[in-house]
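One file, data-v3.txt, is given below (compact mmCIF, C-alpha atoms).
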```txt
# COMPACT_ATOMS: atom_id res chain seq x y z
CA MET N 1 -0.09 -14.35 -25.19
CA LEU N 2 1.62 -11.61 -27.24
CA LEU N 3 -1.17 -9.11 -26.59
CA ASN N 4 -1.00 -9.86 -22.88
CA GLY N 5 2.75 -9.26 -22.95
CA ILE N 6 2.21 -5.89 -24.66
CA SER N 7 -0.42 -5.04 -22.01
CA ILE N 8 2.13 -5.76 -19.25
CA LEU N 9 4.75 -3.56 -20.96
CA ILE N 10 2.31 -0.66 -21.33
CA GLY N 11 1.39 -1.06 -17.68
CA LEU N 12 5.01 -0.92 -16.53
CA ILE N 13 5.65 2.26 -18.53
CA GLY N 14 2.54 3.88 -17.06
CA LEU N 15 3.64 2.96 -13.54
CA LEU N 16 7.15 4.34 -14.03
CA VAL N 17 6.03 7.69 -15.44
CA GLY N 18 3.09 8.00 -13.06
CA GLY N 19 5.18 7.18 -9.99
CA ASN N 20 7.73 9.84 -10.89
CA LEU N 21 5.06 12.50 -11.41
CA LEU N 22 3.30 11.56 -8.19
CA VAL N 23 6.35 11.71 -5.93
CA LYS N 24 7.67 14.98 -7.34
CA GLY N 25 4.25 16.61 -7.40
CA ALA N 26 3.30 15.43 -3.90
CA ALA N 27 6.57 16.51 -2.29
CA ARG N 28 6.45 19.97 -3.86
CA LEU N 29 2.74 20.31 -3.13
CA ALA N 30 3.45 19.51 0.53
CA SER N 31 6.07 22.24 0.61
CA ALA N 32 3.85 24.76 -1.17
CA LEU N 33 0.94 24.13 1.21
CA GLY N 34 3.12 23.90 4.32
CA VAL N 35 2.05 20.29 4.91
CA SER N 36 4.36 17.53 6.17
CA ALA N 37 5.51 15.05 3.53
CA LEU N 38 4.45 12.28 5.93
CA ILE N 39 0.83 13.49 5.85
CA ILE N 40 0.92 13.58 2.04
CA GLY N 41 2.24 10.01 2.06
CA LEU N 42 -0.45 8.83 4.44
CA THR N 43 -3.32 10.45 2.54
CA VAL N 44 -2.98 11.47 -1.12
CA ILE N 45 -0.37 8.88 -2.11
CA ALA N 46 -1.66 6.04 0.07
CA LEU N 47 -5.29 6.37 -1.05
CA GLY N 48 -4.38 7.14 -4.65
CA THR N 49 -2.04 4.21 -5.10
CA SER N 50 -4.61 1.93 -3.42
CA ALA N 51 -7.16 2.75 -6.12
CA PRO N 52 -6.09 -0.21 -8.34
CA GLU N 53 -6.73 -2.62 -5.45
CA LEU N 54 -10.23 -1.15 -5.01
CA ILE N 55 -11.04 -1.33 -8.72
CA VAL N 56 -9.73 -4.88 -9.12
CA SER N 57 -11.29 -6.19 -5.89
CA LEU N 58 -14.73 -4.70 -6.63
CA ASN N 59 -14.66 -6.07 -10.15
CA ALA N 60 -13.62 -9.50 -8.88
CA ALA N 61 -16.30 -9.59 -6.16
CA LEU N 62 -19.06 -8.54 -8.57
CA ASN N 63 -17.95 -11.23 -11.00
CA ALA N 64 -18.08 -14.00 -8.37
CA SER N 65 -14.29 -14.17 -7.99
CA SER N 66 -14.19 -13.61 -4.24
CA ASP N 67 -10.86 -15.43 -3.92
CA VAL N 68 -9.27 -12.85 -6.21
CA ALA N 69 -10.84 -9.97 -4.25
CA LEU N 70 -9.71 -11.20 -0.82
CA GLY N 71 -6.37 -12.50 -2.06
CA ASN N 72 -5.69 -9.12 -3.66
CA VAL N 73 -6.08 -7.26 -0.34
CA ILE N 74 -4.15 -9.79 1.74
CA GLY N 75 -1.42 -10.23 -0.85
CA SER N 76 -1.06 -6.48 -1.39
CA ASN N 77 -0.54 -5.86 2.32
CA ILE N 78 2.10 -8.58 2.49
CA ALA N 79 3.78 -7.26 -0.67
CA ASN N 80 3.74 -3.67 0.63
CA ILE N 81 5.87 -4.61 3.63
CA GLY N 82 7.84 -7.60 2.40
CA LEU N 83 8.53 -6.53 -1.18
CA ILE N 84 8.10 -2.76 -1.39
CA LEU N 85 9.48 -1.66 1.97
CA GLY N 86 12.18 -4.32 1.62
CA ILE N 87 13.30 -3.13 -1.83
CA SER N 88 13.19 0.50 -0.69
CA ALA N 89 15.46 -0.32 2.27
CA ILE N 90 17.87 -2.18 -0.03
CA ILE N 91 18.11 0.89 -2.28
CA THR N 92 18.73 3.16 0.71
CA PRO N 93 18.38 2.55 4.47
CA VAL N 94 14.98 3.96 5.42
CA VAL N 95 14.98 6.37 8.35
CA VAL N 96 11.83 5.98 10.46
CA GLU N 97 10.83 8.82 12.80
CA TRP N 98 8.96 6.82 15.45
CA ARG N 99 7.08 9.79 16.89
CA LEU N 100 5.61 10.54 13.47
CA VAL N 101 4.41 7.03 12.61
CA ARG N 102 3.75 5.35 15.97
CA ARG N 103 -0.02 5.77 15.71
CA GLU N 104 -0.19 4.47 12.15
CA ILE N 105 1.91 1.39 12.90
CA VAL N 106 -0.28 0.56 15.90
CA VAL N 107 -3.36 1.01 13.69
CA VAL N 108 -1.96 -1.31 11.00
CA ILE N 109 -1.39 -4.03 13.58
CA ALA N 110 -4.79 -3.49 15.21
CA VAL N 111 -6.67 -3.52 11.90
CA SER N 112 -4.79 -6.63 10.75
CA LEU N 113 -5.94 -8.36 13.95
CA LEU N 114 -9.49 -7.09 13.37
CA ALA N 115 -9.54 -8.38 9.77
CA PHE N 116 -8.31 -11.77 10.96
CA ALA N 117 -11.03 -11.89 13.64
CA LEU N 118 -13.78 -10.85 11.21
CA ALA N 119 -12.68 -13.45 8.65
CA SER N 120 -12.35 -16.31 11.14
CA ASP N 121 -16.02 -17.31 10.78
CA GLY N 122 -15.53 -17.96 7.05
CA GLU N 123 -17.02 -14.73 5.67
CA ILE N 124 -16.49 -10.99 5.72
CA GLY N 125 -20.10 -9.84 5.58
CA ARG N 126 -21.84 -6.51 5.18
CA LEU N 127 -21.82 -5.83 8.94
CA ASP N 128 -18.07 -6.43 8.90
CA GLY N 129 -17.85 -3.99 5.99
CA VAL N 130 -19.71 -1.38 8.05
CA ILE N 131 -17.30 -1.90 10.97
CA LEU N 132 -14.22 -1.52 8.74
CA SER N 133 -15.55 1.51 6.85
CA ALA N 134 -16.71 3.26 10.03
CA GLY N 135 -13.34 2.52 11.58
CA PHE N 136 -11.58 4.25 8.73
CA PHE N 137 -13.83 7.30 9.08
CA ALA N 138 -13.00 7.51 12.79
CA TYR N 139 -9.31 6.95 12.06
CA THR N 140 -9.27 9.77 9.50
CA ILE N 141 -10.79 12.22 11.97
CA THR N 142 -8.29 11.15 14.63
CA VAL N 143 -5.34 11.55 12.25
CA TYR N 144 -6.46 15.03 11.22
CA ARG N 145 -6.98 16.27 14.78
CA GLY N 146 -3.90 14.55 16.13
CA GLY N 147 -1.81 15.77 13.22
CA GLN N 148 -2.78 19.37 13.88
CA ARG N 149 -1.92 19.04 17.59
CA ASP N 150 1.30 17.03 17.10
CA ARG N 151 2.60 19.34 14.43
CA ARG N 152 2.25 22.37 16.69
CA GLU N 153 4.10 20.53 19.45
CA ILE N 154 7.04 19.35 17.34
CA GLU N 155 7.05 22.02 14.60
CA PRO N 156 10.70 23.11 15.07
CA GLU N 157 12.04 19.52 15.22
CA LEU N 158 9.84 18.40 12.32
CA LEU N 159 11.01 21.31 10.16
CA GLN N 160 14.65 20.53 10.97
CA TYR N 161 14.14 16.80 10.26
CA GLU N 162 12.44 17.40 6.91
CA THR N 163 15.16 19.91 5.93
CA GLU N 164 17.95 17.47 6.84
CA GLN N 165 16.26 14.65 4.93
CA ARG N 166 15.71 16.95 1.92
CA LEU N 167 11.94 16.47 2.17
CA ILE N 168 11.27 20.16 1.59
CA GLU N 169 11.16 20.86 -2.12
CA PRO N 170 11.48 24.26 -3.78
CA ARG N 171 8.12 25.99 -3.82
CA GLY N 172 6.40 25.80 -7.17
CA ASP N 173 3.06 26.71 -8.69
CA THR N 174 0.46 24.91 -6.57
CA ARG N 175 -1.86 24.40 -9.53
CA ILE N 176 0.89 22.78 -11.59
CA GLU N 177 1.83 20.44 -8.72
CA ILE N 178 -1.83 19.44 -8.28
CA VAL N 179 -2.02 18.61 -11.99
CA LYS N 180 1.15 16.51 -11.64
CA VAL N 181 -0.30 14.58 -8.70
CA ILE N 182 -3.58 13.94 -10.55
CA ALA N 183 -1.76 12.93 -13.74
CA GLY N 184 0.55 10.67 -11.76
CA LEU N 185 -2.33 8.95 -10.01
CA ALA N 186 -4.20 8.51 -13.30
CA LEU N 187 -1.17 6.94 -15.00
CA LEU N 188 -0.61 4.64 -12.02
CA ILE N 189 -4.20 3.41 -12.10
CA VAL N 190 -4.28 2.91 -15.87
CA GLY N 191 -0.85 1.29 -15.87
CA ALA N 192 -1.81 -1.08 -13.05
CA ASN N 193 -4.96 -2.13 -14.89
CA PHE N 194 -3.04 -2.90 -18.09
CA LEU N 195 -0.46 -4.89 -16.16
CA VAL N 196 -2.95 -6.84 -14.04
CA ASN N 197 -5.20 -7.71 -16.98
CA GLY N 198 -2.25 -9.03 -18.95
CA ALA N 199 -0.74 -10.91 -16.01
CA VAL N 200 -4.03 -12.51 -14.92
CA SER N 201 -4.75 -13.67 -18.48
CA ILE N 202 -1.33 -15.31 -18.74
CA ALA N 203 -1.66 -16.90 -15.28
CA ARG N 204 -5.04 -18.40 -16.11
CA GLU N 205 -3.71 -19.76 -19.38
CA ILE N 206 -1.19 -21.82 -17.43
CA GLY N 207 -3.82 -23.04 -14.94
CA VAL N 208 -3.17 -21.11 -11.72
CA SER N 209 -6.06 -20.90 -9.18
CA ASP N 210 -7.95 -17.67 -8.50
CA LEU N 211 -6.75 -17.50 -4.89
CA ILE N 212 -3.10 -17.81 -5.90
CA ILE N 213 -3.65 -15.26 -8.67
CA GLY N 214 -5.12 -12.85 -6.14
CA LEU N 215 -2.39 -13.38 -3.54
CA THR N 216 0.50 -13.07 -5.98
CA VAL N 217 -0.03 -11.86 -9.54
CA VAL N 218 -2.91 -9.46 -8.88
CA ALA N 219 -1.54 -8.36 -5.49
CA VAL N 220 1.87 -7.51 -6.90
CA GLY N 221 0.30 -5.93 -9.97
CA THR N 222 -1.98 -3.63 -7.98
CA SER N 223 0.87 -2.91 -5.54
CA LEU N 224 3.14 -1.71 -8.34
CA PRO N 225 1.94 1.88 -7.90
CA GLU N 226 3.25 1.74 -4.33
CA LEU N 227 6.42 0.00 -5.54
CA ALA N 228 7.04 2.60 -8.25
CA THR N 229 6.31 5.43 -5.82
CA CYS N 230 8.53 4.05 -3.05
CA VAL N 231 11.46 3.13 -5.33
CA ILE N 232 11.50 6.63 -6.78
CA ALA N 233 11.08 8.11 -3.29
CA ALA N 234 13.98 5.94 -2.03
CA ARG N 235 16.26 7.20 -4.78
CA ARG N 236 15.28 10.76 -3.92
CA GLY N 237 15.70 10.24 -0.16
CA GLU N 238 12.00 10.82 0.56
CA HIS N 239 11.91 8.49 3.59
CA ASN N 240 8.65 9.81 5.01
CA ILE N 241 6.87 9.22 1.72
CA ILE N 242 8.10 5.60 1.71
CA VAL N 243 6.88 4.85 5.22
CA GLY N 244 3.70 6.89 4.85
CA SER N 245 2.78 5.24 1.54
CA VAL N 246 3.34 1.67 2.78
CA VAL N 247 1.60 2.10 6.13
CA GLY N 248 -1.20 4.26 4.75
CA SER N 249 -1.82 1.86 1.86
CA ASN N 250 -2.12 -1.12 4.22
CA ILE N 251 -4.62 0.73 6.38
CA SER N 252 -6.59 1.77 3.29
CA ASN N 253 -6.57 -1.76 1.86
CA LEU N 254 -8.07 -3.31 4.99
CA MET N 255 -10.46 -0.59 6.11
CA VAL N 256 -11.55 1.07 2.87
CA ILE N 257 -11.17 -1.56 0.15
CA LEU N 258 -12.16 -4.62 2.17
CA GLY N 259 -14.90 -2.59 3.83
CA ILE N 260 -16.41 -1.28 0.58
CA VAL N 261 -16.17 -4.63 -1.21
CA ALA N 262 -17.87 -6.41 1.72
CA LEU N 263 -20.65 -3.81 1.72
CA VAL N 264 -21.27 -4.39 -2.00
CA GLN N 265 -20.81 -8.15 -1.93
CA PRO N 266 -20.10 -10.32 1.17
CA ILE N 267 -16.75 -12.10 0.76
CA PRO N 268 -16.47 -15.84 1.50
CA VAL N 269 -13.12 -16.64 3.17
CA ALA N 270 -11.38 -19.91 2.30
CA LEU N 271 -10.00 -22.02 5.15
CA LYS N 272 -6.49 -21.65 3.69
CA SER N 273 -6.74 -17.88 4.04
CA VAL N 274 -7.74 -18.15 7.70
CA GLN N 275 -5.02 -20.67 8.53
CA ILE N 276 -2.13 -19.30 6.45
CA ASP N 277 -2.58 -16.09 4.47
CA LEU N 278 -4.13 -13.85 7.14
CA PRO N 279 -1.65 -14.96 9.86
CA VAL N 280 1.23 -14.21 7.44
CA MET N 281 -0.24 -10.75 6.77
CA LEU N 282 -0.48 -10.15 10.52
CA ALA N 283 3.10 -11.36 11.04
CA PHE N 284 4.44 -8.88 8.47
CA ALA N 285 2.45 -6.09 10.16
CA LEU N 286 3.95 -7.02 13.55
CA VAL N 287 7.46 -6.89 12.07
CA LEU N 288 6.96 -3.17 11.46
CA LEU N 289 7.03 -2.48 15.19
CA PRO N 290 10.62 -3.54 16.01
CA LEU N 291 11.87 -2.13 12.69
CA ALA N 292 10.34 1.28 13.43
CA LEU N 293 11.64 1.28 17.00
CA ARG N 294 15.18 0.77 15.69
CA GLY N 295 14.90 4.10 13.86
CA THR N 296 16.46 2.88 10.60
CA ILE N 297 15.51 -0.05 8.38
CA ARG N 298 18.95 -1.11 7.15
CA ARG N 299 19.72 -2.95 3.93
CA VAL N 300 20.11 -6.29 5.72
CA PHE N 301 16.59 -5.97 7.15
CA GLY N 302 15.30 -4.94 3.74
CA ALA N 303 16.86 -8.07 2.23
CA ALA N 304 15.29 -10.18 4.99
CA LEU N 305 11.85 -8.72 4.19
CA VAL N 306 12.24 -9.51 0.49
CA VAL N 307 13.40 -13.07 1.25
CA GLY N 308 10.44 -13.52 3.59
CA TYR N 309 8.09 -12.38 0.86
CA ALA N 310 9.70 -14.71 -1.68
CA VAL N 311 9.26 -17.65 0.71
CA PHE N 312 5.56 -16.77 1.07
CA VAL N 313 5.07 -16.67 -2.71
CA VAL N 314 6.87 -19.99 -3.27
CA PHE N 315 4.88 -21.62 -0.47
CA SER N 316 1.61 -20.26 -1.92
CA PHE N 317 2.28 -21.90 -5.28
CA ALA N 318 3.50 -25.12 -3.66
CA ALA N 319 0.59 -25.48 -1.22
```
Could you write out this file's structure as structure tokens?
Amino acid sequence: MLLNGISILIGLIGLLVGGNLLVKGAARLASALGVSALIIGLTVIALGTSAPELIVSLNAALNASSDVALGNVIGSNIANIGLILGISAIITPVVVEWRLVRREIVVVIAVSLLAFALASDGEIGRLDGVILSAGFFAYTITVYRGGQRDRREIEPELLQYETEQRLIEPRGDTRIEIVKVIAGLALLIVGANFLVNGAVSIAREIGVSDLIIGLTVVAVGTSLPELATCVIAARRGEHNIIVGSVVGSNISNLMVILGIVALVQPIPVALKSVQIDLPVMLAFALVLLPLALRGTIRRVFGAALVVGYAVFVVFSFAA
């Protein structure tokens, strides 16, 4: 128990330091390369901070712990919106530029519906994995092409918005910022692994099921990179990084992680997940739409998201 506690502490320290390096490095790298902070949030940060979910889910699937693998993806997506976006909005109201994220929010909702449909027959098989992975490839191409076109159309407004929101950092040495981003990602991944290993060991000692571990302990543990990144970004006023990281991570979790894991090892889906967990994940994704259309996620809405997440966790343990 003591060693597991030390593992959790090491993990938390790694997440704190790594998150700080990642946000600072990514924001300054975006400025140095002339790239929008939103694009950095949707790509480098989203994929990088989703790496722990991929590592944990693959390991779980290969070790016949499919409940942990699936629960990790579902729970992480719920935690990203309910816990991480909620806490970020409590720290500072999150400004959402609808024109910049409308496509991604629609994609999150669509992919959540797709995942629910694919899982409804009791298994996410290899063909489902191909569909999800191919979908992400197509999505990436669309984002790149659309981003190039949209940026040209709204360049003056986007520049003004990022300047007002202090998203444009002083230009630094590109090589140094790249090193910071890589170091930040590495610390996040290592820290998440220490924390998850310690937390899962403690949870199993007290007799918690694999599905509950995946939905809660592992999901929160592997989502801590996003939490660390978004909390630091919230304190620095990096609103686009917050939204981009949360939305991009959810897309990556469903299309990349679930897709790759299903390709390697088909994932059986428990009836509870079809009836409760996946609909809850879809509900949280749908909530993004009215919040984004409002333009600002205020503290009261952030608190409501956190409360909603807490209710889900309590219900999961009680069910």
* To do: Find the residues near N:Ile13: any atom within 12 Å, counting all atoms listed in the file, skip ones fewer than 4 places away on the same chain, and give them as a VMD selection string.
  => chain N and resid 6 to 9 17 to 20 184 187 to 192 194 to 195 224 to 225 228
* Please, which residues are within 10 Å of (-11.4, -2.3, 3.9) by the file's coordinates, counting only C-alpha atoms, and could they come as an MDAnalysis selection string? -> chainID N and resid 54 73 111 115 128:136 250:263
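The shell of residues at most 6 Å from stretch 278-294 of chain N, with only C-alpha atoms counted and near chain neighbours (fewer than 5 positions) removed, consists of Ile78, Val96, Ile109, Ser112 and Ser273 of chain N.
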* Within 9 Å of N:Val306, counting all atoms listed in the file, which residues qualify if same-chain residues fewer than 3 places away don't, as a PyMOL selection string? -> chain N and resi 79+81-87+301-303+309-311
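Computed from the coordinates, the atom CA of N:Gly295 to atom CA of N:Val94 distance equals 8.4 Å.
Between N:Ser65 and the candidates N:Ser120, N:Thr216, N:Ser209, N:Ser201, the tightest atom-to-atom separation, counting all atoms listed in the file, involves N:Ser209.
Across the structure, atom CA of N:Met1 and atom CA of N:Thr229 are spaced 28.4 Å apart.
Atom pair atom CA of N:Ala138 / atom CA of N:Leu114 has a distance of 15.0 Å (rounded to one decimal).
The protein and nucleic acid residues lying at most 12 Å from N:Ser316 are N:Gly71, N:Gly75, N:Val208, N:Ser209, N:Asp210, N:Leu211, N:Ile212, N:Ile213, N:Gly214, N:Leu215, N:Thr216, N:Val217, N:Lys272, N:Ser273, N:Ile276, N:Asp277, N:Val280, N:Tyr309, N:Ala310, N:Val311, N:Phe312, N:Val313, N:Val314, N:Ala318, N:Ala319, with all atoms listed in the file considered and sequence neighbours fewer than 2 positions away removed.
With all atoms listed in the file as the atoms that count, the minimum distance from N:Leu15 to the choices N:Pro266, N:Arg298, N:Gly221, N:Val246 is reached by N:Gly221.
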* Structure fact -> Across N:Ala183, N:Val243, N:Leu2, N:Val218, the smallest distance to N:Ile297, with all atoms listed in the file counted, is shown by N:Val243
